[in-house]
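Structure data follow from query_37.cif (mmCIF, C-alpha atoms):
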```
data_model
#
loop_
_atom_site.label_atom_id
_atom_site.label_comp_id
_atom_site.auth_asym_id
_atom_site.auth_seq_id
_atom_site.Cartn_x
_atom_site.Cartn_y
_atom_site.Cartn_z
CA MET A 1 43.95 19.94 6.72
CA ALA A 2 42.67 16.77 5.33
CA LEU A 3 40.73 13.74 6.17
CA CYS A 4 40.59 11.22 3.31
CA ARG A 5 38.74 7.92 3.20
CA THR A 6 39.27 5.41 0.41
CA SER A 7 37.81 1.91 0.13
CA MET A 8 38.09 -0.01 3.43
CA LEU A 9 40.54 2.47 4.92
CA ILE A 10 39.43 5.74 6.42
CA PHE A 11 41.09 8.54 4.58
CA PHE A 12 39.68 11.96 5.15
CA PHE A 13 40.67 15.09 3.31
CA LEU A 14 39.06 18.41 4.09
CA PHE A 15 39.95 21.93 2.96
CA PHE A 16 39.47 24.88 5.28
CA PHE A 17 40.10 28.58 5.04
CA SER A 18 40.47 31.37 7.58
CA LEU A 19 37.32 33.11 8.74
CA SER A 20 36.31 36.69 7.99
CA THR A 21 33.80 37.08 10.78
CA GLN A 22 34.71 37.06 14.45
CA LEU A 23 33.57 34.32 16.81
CA GLU A 24 31.94 35.65 19.92
CA ASN A 25 34.20 35.24 22.93
CA GLN A 26 33.79 32.38 25.33
CA HIS A 27 34.06 33.79 28.85
CA HIS A 28 35.09 31.49 31.61
CA ASP A 29 36.98 31.63 34.89
CA GLN A 30 40.69 32.06 34.28
CA ASN A 31 41.54 31.19 37.86
CA ASN A 32 40.52 27.55 37.48
CA SER A 33 42.73 24.97 35.83
CA PHE A 34 41.85 21.36 35.37
CA SER A 35 43.76 18.18 34.83
CA LEU A 36 42.01 14.94 33.95
CA SER A 37 42.87 11.44 32.84
CA PHE A 38 40.68 9.47 30.40
CA PRO A 39 41.03 6.75 27.72
CA LEU A 40 41.59 7.42 24.00
CA LEU A 41 41.12 4.75 21.38
CA SER A 42 41.89 4.18 17.76
CA LEU A 43 39.99 1.55 15.84
CA SER A 44 38.30 0.70 12.63
CA LEU A 45 34.86 2.18 12.52
CA SER A 46 31.90 -0.14 12.52
CA PRO A 47 28.34 -0.02 13.85
CA ASN A 48 29.22 -2.61 16.49
CA THR A 49 32.10 -0.63 17.98
CA SER A 50 31.72 -0.32 21.73
CA ALA A 51 31.58 3.18 23.14
CA ASN A 52 32.12 2.10 26.72
CA LEU A 53 35.68 3.44 26.78
CA PHE A 54 35.40 6.42 29.09
CA SER A 55 37.81 6.32 32.01
CA ASN A 56 37.10 8.12 35.27
CA SER A 57 40.60 8.72 36.56
CA LEU A 58 40.98 12.35 37.55
CA PHE A 59 43.82 14.50 38.77
CA SER A 60 44.28 18.24 39.18
CA ASN A 61 46.94 20.74 38.27
CA PRO A 62 46.64 24.28 39.64
CA LYS A 63 49.17 25.70 37.22
CA LEU A 64 47.73 28.24 34.77
CA ASN A 65 48.75 28.15 31.13
CA PRO A 66 50.37 31.17 29.54
CA ARG A 67 48.65 32.57 26.48
CA ILE A 68 47.45 30.58 23.53
CA GLY A 69 48.58 31.80 20.13
CA ARG A 70 45.87 32.12 17.47
CA THR A 71 46.24 31.86 13.75
CA ASP A 72 45.78 35.63 13.48
CA GLY A 73 48.77 36.27 15.75
CA THR A 74 46.80 37.37 18.81
CA THR A 75 46.85 35.59 22.16
CA THR A 76 44.24 34.69 24.71
CA PRO A 77 44.74 33.80 28.38
CA THR A 78 43.29 30.41 29.17
CA PRO A 79 42.99 27.88 31.95
CA SER A 80 45.05 24.72 31.67
CA TYR A 81 43.38 21.50 30.59
CA ASN A 82 45.32 18.27 31.04
CA TYR A 83 43.44 15.12 30.06
CA LYS A 84 44.67 11.67 29.20
CA PHE A 85 42.65 9.34 26.97
CA LEU A 86 43.22 5.82 25.69
CA PHE A 87 42.54 4.85 22.10
CA LYS A 88 42.09 1.61 20.20
CA TYR A 89 43.85 1.66 16.87
CA SER A 90 43.40 -0.20 13.63
CA MET A 91 42.97 2.42 10.91
CA ALA A 92 41.56 5.52 12.62
CA LEU A 93 42.09 7.04 16.05
CA VAL A 94 38.74 7.03 17.83
CA VAL A 95 38.29 8.66 21.20
CA SER A 96 35.23 8.29 23.42
CA LEU A 97 34.29 11.64 24.94
CA PRO A 98 31.62 12.67 27.46
CA ILE A 99 29.39 15.30 25.84
CA GLY A 100 26.40 17.11 27.33
CA THR A 101 24.85 17.46 30.78
CA PRO A 102 24.64 14.76 32.01
CA PRO A 103 27.37 13.33 29.77
CA GLN A 104 26.63 10.98 26.90
CA THR A 105 29.66 9.06 25.66
CA GLN A 106 30.36 9.73 21.99
CA GLN A 107 32.96 8.19 19.69
CA MET A 108 34.88 10.68 17.58
CA VAL A 109 37.75 10.30 15.13
CA LEU A 110 40.73 12.31 16.34
CA ASP A 111 41.59 14.39 13.28
CA THR A 112 44.34 16.99 13.17
CA GLY A 113 43.27 17.71 9.59
CA SER A 114 39.74 18.94 10.30
CA GLN A 115 38.24 22.00 11.91
CA LEU A 116 34.58 21.36 12.67
CA SER A 117 33.84 18.75 15.34
CA TRP A 118 30.57 16.93 14.87
CA ILE A 119 28.59 14.10 16.42
CA GLN A 120 25.69 11.96 15.26
CA CYS A 121 22.38 13.18 16.71
CA HIS A 122 18.95 11.60 16.97
CA LYS A 123 16.33 12.95 14.60
CA LYS A 124 13.51 12.09 17.00
CA VAL A 125 13.21 12.04 20.76
CA PRO A 126 13.26 8.41 21.96
CA ARG A 127 11.29 7.09 24.90
CA LYS A 128 14.35 5.53 26.46
CA PRO A 129 18.02 6.57 26.78
CA PRO A 130 19.73 6.65 23.36
CA PRO A 131 22.28 4.06 22.23
CA THR A 132 25.90 4.98 22.72
CA SER A 133 26.33 5.48 18.98
CA SER A 134 24.34 8.71 18.79
CA PHE A 135 23.64 11.78 20.89
CA ASP A 136 20.18 12.67 22.20
CA PRO A 137 19.93 16.47 22.57
CA SER A 138 16.70 16.19 24.57
CA LEU A 139 18.61 14.57 27.45
CA SER A 140 21.17 17.38 27.82
CA SER A 141 20.44 20.56 29.77
CA SER A 142 23.46 22.35 28.25
CA PHE A 143 22.49 21.76 24.61
CA SER A 144 21.45 24.72 22.43
CA VAL A 145 21.12 25.30 18.69
CA LEU A 146 22.50 28.20 16.67
CA PRO A 147 19.76 30.32 15.13
CA CYS A 148 19.93 31.74 11.65
CA THR A 149 20.78 35.13 13.14
CA HIS A 150 24.13 33.88 14.43
CA PRO A 151 27.10 35.47 12.56
CA LEU A 152 28.40 32.04 11.58
CA CYS A 153 25.22 31.36 9.65
CA LYS A 154 25.71 34.24 7.24
CA PRO A 155 26.15 33.26 3.59
CA ARG A 156 29.64 33.00 2.12
CA VAL A 157 31.37 32.43 5.45
CA PRO A 158 34.29 30.25 4.29
CA ASP A 159 34.58 27.93 7.28
CA PHE A 160 32.86 24.97 5.70
CA THR A 161 32.96 23.23 2.36
CA LEU A 162 29.49 24.57 1.59
CA PRO A 163 28.02 27.82 2.93
CA THR A 164 25.85 27.50 5.98
CA SER A 165 22.18 28.14 5.41
CA CYS A 166 18.93 28.74 7.24
CA ASP A 167 16.69 25.67 7.42
CA GLN A 168 12.88 25.52 7.58
CA ASN A 169 13.00 25.81 11.38
CA ARG A 170 15.12 28.97 11.25
CA LEU A 171 18.13 27.06 12.53
CA CYS A 172 21.69 27.22 11.18
CA HIS A 173 22.27 24.30 8.83
CA TYR A 174 25.69 23.09 7.63
CA SER A 175 26.90 20.62 5.02
CA TYR A 176 30.35 19.06 5.20
CA PHE A 177 31.74 17.29 2.16
CA TYR A 178 34.81 15.04 2.22
CA ALA A 179 37.13 14.38 -0.69
CA ASP A 180 35.85 10.81 -1.08
CA GLY A 181 32.33 12.15 -1.71
CA THR A 182 30.88 11.39 1.73
CA LEU A 183 28.69 13.97 3.39
CA ALA A 184 27.81 14.98 6.93
CA GLU A 185 25.13 17.59 7.47
CA GLY A 186 22.88 18.86 10.21
CA ASN A 187 22.58 21.86 12.51
CA LEU A 188 25.29 23.86 14.21
CA VAL A 189 24.85 23.71 17.97
CA ARG A 190 26.56 24.56 21.23
CA GLU A 191 27.38 21.85 23.73
CA LYS A 192 29.76 21.17 26.60
CA PHE A 193 32.28 18.40 27.00
CA SER A 194 31.48 17.43 30.59
CA PHE A 195 34.32 15.48 32.17
CA SER A 196 32.92 15.46 35.70
CA ARG A 197 30.28 17.26 37.75
CA SER A 198 32.69 20.12 38.35
CA VAL A 199 34.86 20.10 35.22
CA SER A 200 33.64 20.89 31.73
CA THR A 201 34.49 23.03 28.75
CA PRO A 202 32.44 26.12 27.92
CA PRO A 203 29.71 25.48 25.34
CA LEU A 204 31.53 24.82 22.05
CA ILE A 205 30.22 25.07 18.51
CA LEU A 206 29.72 21.57 17.07
CA GLY A 207 27.92 19.94 14.22
CA CYS A 208 24.89 17.89 15.19
CA ALA A 209 24.67 15.56 12.20
CA THR A 210 21.29 14.09 11.36
CA ASP A 211 22.31 12.88 7.90
CA SER A 212 25.65 11.35 7.04
CA THR A 213 26.89 9.07 4.27
CA SER A 214 30.08 8.42 6.25
CA ASP A 215 30.52 5.40 8.52
CA THR A 216 32.16 7.72 11.04
CA GLN A 217 30.21 8.36 14.24
CA GLY A 218 31.80 11.74 14.77
CA ILE A 219 34.88 13.90 14.19
CA LEU A 220 37.03 15.69 16.78
CA GLY A 221 38.45 18.52 14.69
CA MET A 222 41.89 19.50 16.00
CA ASN A 223 43.50 21.71 13.34
CA LEU A 224 44.54 25.37 13.73
CA GLY A 225 41.15 26.78 12.76
CA ARG A 226 39.35 28.85 15.37
CA PHE A 227 36.34 26.52 15.38
CA SER A 228 38.41 23.39 16.05
CA PHE A 229 38.01 21.71 19.43
CA ALA A 230 41.59 22.65 20.35
CA SER A 231 41.01 26.32 19.59
CA GLN A 232 37.58 26.66 21.17
CA ALA A 233 38.57 24.78 24.33
CA LYS A 234 41.80 26.82 24.51
CA ILE A 235 44.02 23.74 24.56
CA SER A 236 47.69 24.73 24.85
CA LYS A 237 49.05 21.48 23.42
CA PHE A 238 47.99 17.91 22.75
CA SER A 239 49.77 14.69 21.89
CA TYR A 240 49.10 11.07 21.04
CA CYS A 241 51.04 7.82 20.81
CA VAL A 242 49.85 5.49 18.02
CA PRO A 243 50.58 1.84 18.86
CA LYS A 244 51.75 -0.75 16.39
CA ARG A 245 48.87 -1.86 14.22
CA ARG A 246 47.58 -5.40 14.59
CA VAL A 247 47.17 -7.49 11.45
CA LEU A 248 44.14 -9.64 12.27
CA PRO A 249 40.82 -8.25 10.93
CA GLY A 250 38.68 -6.71 13.65
CA SER A 251 41.56 -6.54 16.13
CA PHE A 252 42.88 -3.33 17.60
CA SER A 253 45.63 -2.05 19.85
CA THR A 254 45.45 0.70 22.47
CA GLY A 255 47.40 3.96 22.64
CA SER A 256 47.41 7.21 24.62
CA PHE A 257 46.25 10.76 23.97
CA TYR A 258 46.89 13.84 26.11
CA LEU A 259 45.13 17.18 26.10
CA GLY A 260 47.65 19.50 27.76
CA ASN A 261 51.07 18.65 29.15
CA ASN A 262 52.58 15.26 28.39
CA PRO A 263 54.84 13.88 31.16
CA ASN A 264 56.90 12.08 28.48
CA SER A 265 57.84 15.23 26.51
CA ALA A 266 61.35 15.78 27.89
CA GLY A 267 62.89 13.69 25.11
CA PHE A 268 60.79 14.99 22.23
CA ARG A 269 62.47 16.61 19.22
CA TYR A 270 60.59 19.49 17.66
CA VAL A 271 60.12 20.95 14.20
CA ASP A 272 58.57 24.38 13.78
CA LEU A 273 55.27 24.84 12.01
CA LEU A 274 55.40 26.79 8.78
CA THR A 275 53.23 29.88 9.00
CA PHE A 276 51.38 31.76 6.29
CA ARG A 277 50.06 35.30 6.22
CA GLN A 278 46.31 35.65 6.00
CA SER A 279 46.84 37.76 2.92
CA GLN A 280 48.45 34.77 1.17
CA ARG A 281 45.69 33.26 -0.93
CA MET A 282 46.97 30.03 -2.45
CA PRO A 283 44.34 27.81 -4.06
CA ASN A 284 46.02 24.53 -3.04
CA LEU A 285 47.11 25.54 0.46
CA ASP A 286 45.37 24.67 3.70
CA PRO A 287 46.54 27.45 6.07
CA LEU A 288 44.95 25.70 9.06
CA ALA A 289 46.89 22.43 8.72
CA PHE A 290 49.89 21.48 10.83
CA THR A 291 52.39 22.20 8.08
CA VAL A 292 56.04 21.29 8.67
CA GLY A 293 59.26 21.62 6.72
CA MET A 294 60.23 18.27 5.24
CA GLN A 295 63.69 17.79 3.76
CA GLY A 296 63.74 14.37 2.16
CA ILE A 297 63.29 10.58 2.32
CA ARG A 298 65.77 7.75 2.85
CA ILE A 299 65.12 4.12 1.98
CA GLY A 300 67.52 1.41 3.12
CA GLY A 301 70.05 4.07 4.07
CA LYS A 302 69.96 5.72 0.64
CA LYS A 303 68.92 9.38 0.36
CA LEU A 304 66.51 9.70 -2.55
CA ASN A 305 67.12 12.39 -5.14
CA ILE A 306 64.10 14.54 -4.25
CA PRO A 307 64.64 18.32 -4.07
CA PRO A 308 63.46 19.76 -0.71
CA PHE A 309 61.16 22.24 -2.47
CA VAL A 310 58.95 19.28 -3.45
CA PHE A 311 57.89 19.10 0.21
CA ARG A 312 57.10 22.80 0.61
CA PRO A 313 54.22 24.85 -0.77
CA ASP A 314 54.89 26.63 -4.05
CA ALA A 315 53.27 29.89 -5.13
CA GLY A 316 49.93 28.11 -5.52
CA GLY A 317 50.21 26.12 -2.27
CA SER A 318 51.04 22.76 -3.89
CA GLY A 319 53.62 20.66 -2.07
CA GLN A 320 52.56 21.50 1.47
CA THR A 321 53.57 18.77 3.97
CA MET A 322 51.25 18.20 6.93
CA ILE A 323 50.94 15.88 9.90
CA ASP A 324 47.44 14.40 9.79
CA SER A 325 46.10 11.92 12.33
CA GLY A 326 42.88 11.59 10.33
CA SER A 327 44.58 10.13 7.26
CA ASP A 328 45.51 6.45 7.42
CA PHE A 329 48.21 6.18 4.75
CA THR A 330 50.86 8.74 3.85
CA PHE A 331 50.35 10.52 0.53
CA LEU A 332 53.07 12.11 -1.60
CA VAL A 333 52.98 14.41 -4.60
CA ASP A 334 54.14 12.87 -7.87
CA GLU A 335 57.72 14.19 -7.75
CA ALA A 336 58.30 12.44 -4.42
CA TYR A 337 56.10 9.39 -4.99
CA ASN A 338 57.79 8.50 -8.27
CA LYS A 339 61.24 8.54 -6.66
CA VAL A 340 60.05 6.37 -3.78
CA ARG A 341 58.43 3.90 -6.15
CA GLU A 342 61.52 3.83 -8.38
CA GLU A 343 63.72 2.82 -5.42
CA VAL A 344 61.23 0.30 -4.07
CA VAL A 345 60.94 -1.34 -7.49
CA ARG A 346 64.73 -1.44 -7.78
CA LEU A 347 65.00 -3.25 -4.45
CA ALA A 348 61.99 -5.56 -4.60
CA GLY A 349 60.31 -5.11 -7.97
CA PHE A 350 60.26 -8.83 -8.72
CA LYS A 351 57.79 -9.22 -5.84
CA LEU A 352 55.49 -6.41 -7.00
CA LYS A 353 51.82 -7.35 -7.41
CA LYS A 354 51.29 -6.42 -11.05
CA GLY A 355 48.28 -4.25 -11.87
CA TYR A 356 47.13 -4.05 -8.24
CA VAL A 357 46.15 -0.64 -6.85
CA TYR A 358 44.71 -0.38 -3.37
CA GLY A 359 42.15 2.34 -2.67
CA GLY A 360 42.77 3.93 -6.04
CA ALA A 361 46.01 5.53 -4.87
CA ALA A 362 48.49 2.93 -3.51
CA ASP A 363 50.20 0.76 -6.11
CA MET A 364 53.32 -0.37 -4.18
CA CYS A 365 51.76 -3.69 -3.15
CA PHE A 366 53.42 -7.09 -3.25
CA ASP A 367 53.03 -10.84 -3.48
CA GLY A 368 54.71 -12.69 -0.67
CA ASN A 369 55.63 -12.34 2.99
CA SER A 370 55.78 -8.74 4.22
CA MET A 371 58.71 -9.45 6.56
CA GLU A 372 60.80 -10.91 3.76
CA ILE A 373 60.01 -8.05 1.40
CA GLY A 374 60.67 -5.57 4.17
CA ARG A 375 64.18 -6.95 4.58
CA LEU A 376 64.76 -6.37 0.88
CA ILE A 377 63.68 -2.73 1.10
CA GLY A 378 65.04 -1.74 4.51
CA ASP A 379 64.06 1.02 6.90
CA MET A 380 62.35 4.17 5.64
CA VAL A 381 63.10 7.61 7.07
CA PHE A 382 61.23 10.89 6.66
CA GLU A 383 63.60 13.83 7.19
CA PHE A 384 62.36 17.17 8.55
CA ASP A 385 63.88 20.52 9.49
CA LYS A 386 66.27 20.71 12.46
CA GLY A 387 67.41 17.12 11.89
CA VAL A 388 64.12 15.69 13.12
CA GLU A 389 63.30 12.28 11.64
CA ILE A 390 60.50 9.74 11.58
CA VAL A 391 62.07 6.28 11.24
CA ILE A 392 59.82 3.47 10.01
CA PRO A 393 61.51 0.11 10.69
CA LYS A 394 61.56 -2.37 7.82
CA ASP A 395 59.19 -4.67 9.70
CA GLN A 396 56.60 -1.88 9.88
CA ILE A 397 56.65 -0.38 6.40
CA PHE A 398 53.80 -2.57 5.11
CA ALA A 399 50.08 -2.41 5.79
CA GLU A 400 48.15 -5.65 5.32
CA VAL A 401 45.10 -4.92 3.13
CA ASP A 402 42.42 -6.97 1.39
CA GLY A 403 42.96 -10.06 3.47
CA GLY A 404 46.74 -9.98 3.65
CA VAL A 405 48.17 -8.10 0.65
CA PRO A 406 51.21 -6.11 1.89
CA CYS A 407 51.17 -2.51 0.64
CA LEU A 408 53.84 0.05 1.43
CA GLY A 409 51.42 2.42 3.17
CA ILE A 410 52.12 5.30 0.79
CA GLY A 411 49.68 6.57 -1.81
CA ARG A 412 49.86 9.01 -4.68
CA SER A 413 48.28 12.36 -3.76
CA ASP A 414 47.32 13.07 -7.34
CA MET A 415 45.04 10.03 -7.41
CA LEU A 416 43.01 11.64 -4.62
CA GLY A 417 42.86 14.95 -6.43
CA ILE A 418 45.06 16.73 -3.90
CA ALA A 419 48.39 18.53 -4.25
CA SER A 420 49.84 18.01 -0.77
CA ASN A 421 52.12 15.63 1.11
CA ILE A 422 50.31 14.07 4.07
CA ILE A 423 52.05 12.10 6.82
CA GLY A 424 49.28 9.73 7.91
CA ASN A 425 48.84 7.83 11.15
CA PHE A 426 50.26 4.61 9.66
CA HIS A 427 53.70 6.25 9.68
CA GLN A 428 53.20 7.63 13.18
CA GLN A 429 53.18 4.23 14.89
CA ASN A 430 55.25 3.90 18.07
CA LEU A 431 55.78 7.64 18.18
CA TRP A 432 54.66 10.36 20.49
CA VAL A 433 53.43 13.22 18.30
CA GLU A 434 52.88 16.49 20.16
CA PHE A 435 51.21 19.60 18.75
CA ASP A 436 52.35 22.65 20.73
CA LEU A 437 49.92 25.46 19.94
CA ILE A 438 51.78 28.05 22.00
CA LYS A 439 55.24 27.59 20.53
CA ARG A 440 53.77 26.55 17.17
CA ARG A 441 55.75 23.35 16.71
CA VAL A 442 55.32 19.59 16.39
CA GLY A 443 57.36 17.21 18.53
CA PHE A 444 58.23 13.55 18.01
CA GLY A 445 59.48 10.98 20.49
CA LYS A 446 60.07 7.22 20.10
CA ALA A 447 57.95 5.02 22.35
CA ASP A 448 56.43 1.59 22.71
CA CYS A 449 52.92 3.01 22.64
CA SER A 450 51.16 -0.21 23.61
CA ARG A 451 53.07 -0.34 26.91
CA LEU A 452 52.15 3.20 27.95
CA VAL A 453 48.45 2.59 28.66
#
```
Spit out the file's structure as structure tokens when you get a sec.
Amino acid sequence: MALCRTSMLIFFFLFFFSLSTQLENQHHDQNNSFSLSFPLLSLSLSPNTSANLFSNSLFSNPKLNPRIGRTDGTTTPTPSYNYKFLFKYSMALVVSLPIGTPPQTQQMVLDTGSQLSWIQCHKKVPRKPPPTSSFDPSLSSSFSVLPCTHPLCKPRVPDFTLPTSCDQNRLCHYSYFYADGTLAEGNLVREKFSFSRSVSTPPLILGCATDSTSDTQGILGMNLGRFSFASQAKISKFSYCVPKRRVLPGSFSTGSFYLGNNPNSAGFRYVDLLTFRQSQRMPNLDPLAFTVGMQGIRIGGKKLNIPPFVFRPDAGGSGQTMIDSGSDFTFLVDEAYNKVREEVVRLAGFKLKKGYVYGGAADMCFDGNSMEIGRLIGDMVFEFDKGVEIVIPKDQIFAEVDGGVPCLGIGRSDMLGIASNIIGNFHQQNLWVEFDLIKRRVGFGKADCSRLV
């Protein structure tokens, strides 16, 4: 659902709604199935970030997937994609992907909270090959733009935060606003993800951004919307393992990301996605998010007095709990946040950094050593349906911000102007998180993610 970016951290929060027009079908050979292995990385975004992260290991799997479930309840037969990527991680998960024909490596933030995938494109044709930070359409034989006559370019199509429009060149123009006020805009295009000479996706609808106020080089939208990469590429499932975050500025660790089957999934525990009828119009609900049933929170072994309904959408959609790889911190609605803060203050309030609020939303920050304060607070546990839990050890509950200030890694949703609970990637460290789009569930499995690459 959301991708929020605040201060030095990358927080993205995007709202999407189901579409009223039908996307033209992508026809491709159902008898072929592919299985590839590549690197995925998660890192802090900067202009100097290297994009030379594409791995060329390749394997094949002739097994055909069953049918992919769509958000409208219908199914579509699809070939099986199985890719493995590596990712470097500091605050955002960034994967380098080969796009175009021949491929140009592009860095994209892996975001389960967004629908539209977009890349940075050159405004002008250069005389030499483009830098790895942006995509040159003139060098790709599979690139095409969407004209104004395309159904997606009709006014009032609610797929994007602003309606698409027709630009001066009669091309379909989009504008994408994020909750922190940043903007990405450009033209809607079609382009392939070309993994080898013989293996590529069909042409997918992407944003080709020529103007952006974000420091992000691109977004890989992976939510349940029909224009997400997962939906358009007919991915049956995907998963990632976020490694433990390194403290030193500019450093990163490396994790793994699978498109398709994960060989480690035998021990995963699954929670079902909550589903919503298309007729349900709730102003604060994102129906395309990976929404799960959360039951409660424990701190230091104590179950907090938070009613379960606080973690579920009410009649207006407020209270929805989603798993979002594109959000750094976890965000809680006031009813939950206040109870967490009350317990944290009870256990370690004398160490609280008075008057300090990080990123405008996180005020559980401390003076002192994070390990010592962590021992005072204890482990933190997020409880979900079916007894599924995310356990955050006491030595991992703090994020080091602003040169070493330990903050709990939980922000107040209300301060971002949202009414949802978001489980961010900070609280997904050393976990496999699998999104099964066929069985409509999310799985979790403990792992030492740094050792899996």
Apply the PyMOL selection byres ((chain A and resi 333) around 10) to the file shown and report the selected residues as a VMD selection string.
-> chain A and resid 310 to 311 318 to 321 331 to 332 334 to 338 411 to 415 418 to 422
Expected file: the selected residues, C-alpha atoms, as a compact mmCIF listing (two decimals), keeping the file's coordinate frame:
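Below you can see again_23.txt, which holds the result:
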```txt
# COMPACT_ATOMS: atom_id res chain seq x y z
CA VAL A 310 58.95 19.28 -3.45
CA PHE A 311 57.89 19.10 0.21
CA SER A 318 51.04 22.76 -3.89
CA GLY A 319 53.62 20.66 -2.07
CA GLN A 320 52.56 21.50 1.47
CA THR A 321 53.57 18.77 3.97
CA PHE A 331 50.35 10.52 0.53
CA LEU A 332 53.07 12.11 -1.60
CA ASP A 334 54.14 12.87 -7.87
CA GLU A 335 57.72 14.19 -7.75
CA ALA A 336 58.30 12.44 -4.42
CA TYR A 337 56.10 9.39 -4.99
CA ASN A 338 57.79 8.50 -8.27
CA GLY A 411 49.68 6.57 -1.81
CA ARG A 412 49.86 9.01 -4.68
CA SER A 413 48.28 12.36 -3.76
CA ASP A 414 47.32 13.07 -7.34
CA MET A 415 45.04 10.03 -7.41
CA ILE A 418 45.06 16.73 -3.90
CA ALA A 419 48.39 18.53 -4.25
CA SER A 420 49.84 18.01 -0.77
CA ASN A 421 52.12 15.63 1.11
CA ILE A 422 50.31 14.07 4.07
```
If the PyMOL selection byres ((chain A and resi 253) around 7) is run on the structure shown, which residues does it catch, given as a ChimeraX atom specification?
-> /A:88-90,243,245-246,252,254-255,450
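Counting from CA of Ala447 (chain A), the distance to CA of Phe238 (chain A) is 16.3 Å.
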How far is it from CA of Arg277 (chain A) to CA of Ser239 (chain A), in Å with one decimal?
-> 25.9 Å
Check what the PyMOL selection byres ((chain A and resi 301) around 12) selects in the file above and give those residues as a PyMOL selection string.
-> chain A and resi 297-300+302-304+343+377-382+391-394
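Neighbouring residues of Leu431 (chain A) at 8 Å or closer, counting only C-alpha atoms and skipping chain neighbours under 3 positions away, are Cys241, Val242, Pro243, Gln428, Phe444, Gly445, Lys446, Ala447, Asp448 and Cys449 of chain A.
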Output of the above residues as a PDB file, keeping the file's coordinate frame, restricted to C-alpha atoms:
```pdb
ATOM      1  CA  CYS A 241      51.040   7.820  20.810  1.00  0.00           C
ATOM      2  CA  VAL A 242      49.850   5.490  18.020  1.00  0.00           C
ATOM      3  CA  PRO A 243      50.580   1.840  18.860  1.00  0.00           C
ATOM      4  CA  GLN A 428      53.200   7.630  13.180  1.00  0.00           C
ATOM      5  CA  PHE A 444      58.230  13.550  18.010  1.00  0.00           C
ATOM      6  CA  GLY A 445      59.480  10.980  20.490  1.00  0.00           C
ATOM      7  CA  LYS A 446      60.070   7.220  20.100  1.00  0.00           C
ATOM      8  CA  ALA A 447      57.950   5.020  22.350  1.00  0.00           C
ATOM      9  CA  ASP A 448      56.430   1.590  22.710  1.00  0.00           C
ATOM     10  CA  CYS A 449      52.920   3.010  22.640  1.00  0.00           C
TER      11      CYS A 449
END
```
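Excluding Arg269 (chain A) itself and same-chain residues fewer than 2 positions from it, the residues having an atom within 10 Å of it are Ser265, Ala266, Gly267, Val271, Lys386, Gly387, Val388, Glu389, Val433, Glu434, Arg441, Val442, Gly443, Phe444, Gly445 and Lys446 of chain A, counting only C-alpha atoms.
The space between CA of Pro98 (chain A) and CA of Ser236 (chain A) spans 20.3 Å.
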Which residue gives the smallest distance to Leu224 (chain A) among A:Ser370, A:Gln168, A:Thr275, A:Gln396, with only C-alpha atoms counted?
-> A:Thr275
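Distance check against Ser96 (chain A) using all atoms listed in the file: of A:Thr201, A:Ser133, A:Ser251, A:Asn223, the minimum falls on A:Ser133.
Across A:Leu437, A:Val109, A:Leu452, A:Ala348, the tightest approach to Lys234 (chain A) is made by A:Leu437 when counting all atoms listed in the file.
The closest residue to Arg312 (chain A), picked from A:Phe384, A:Tyr258, A:Phe329, A:Tyr356 and counting all atoms listed in the file, is A:Phe384.
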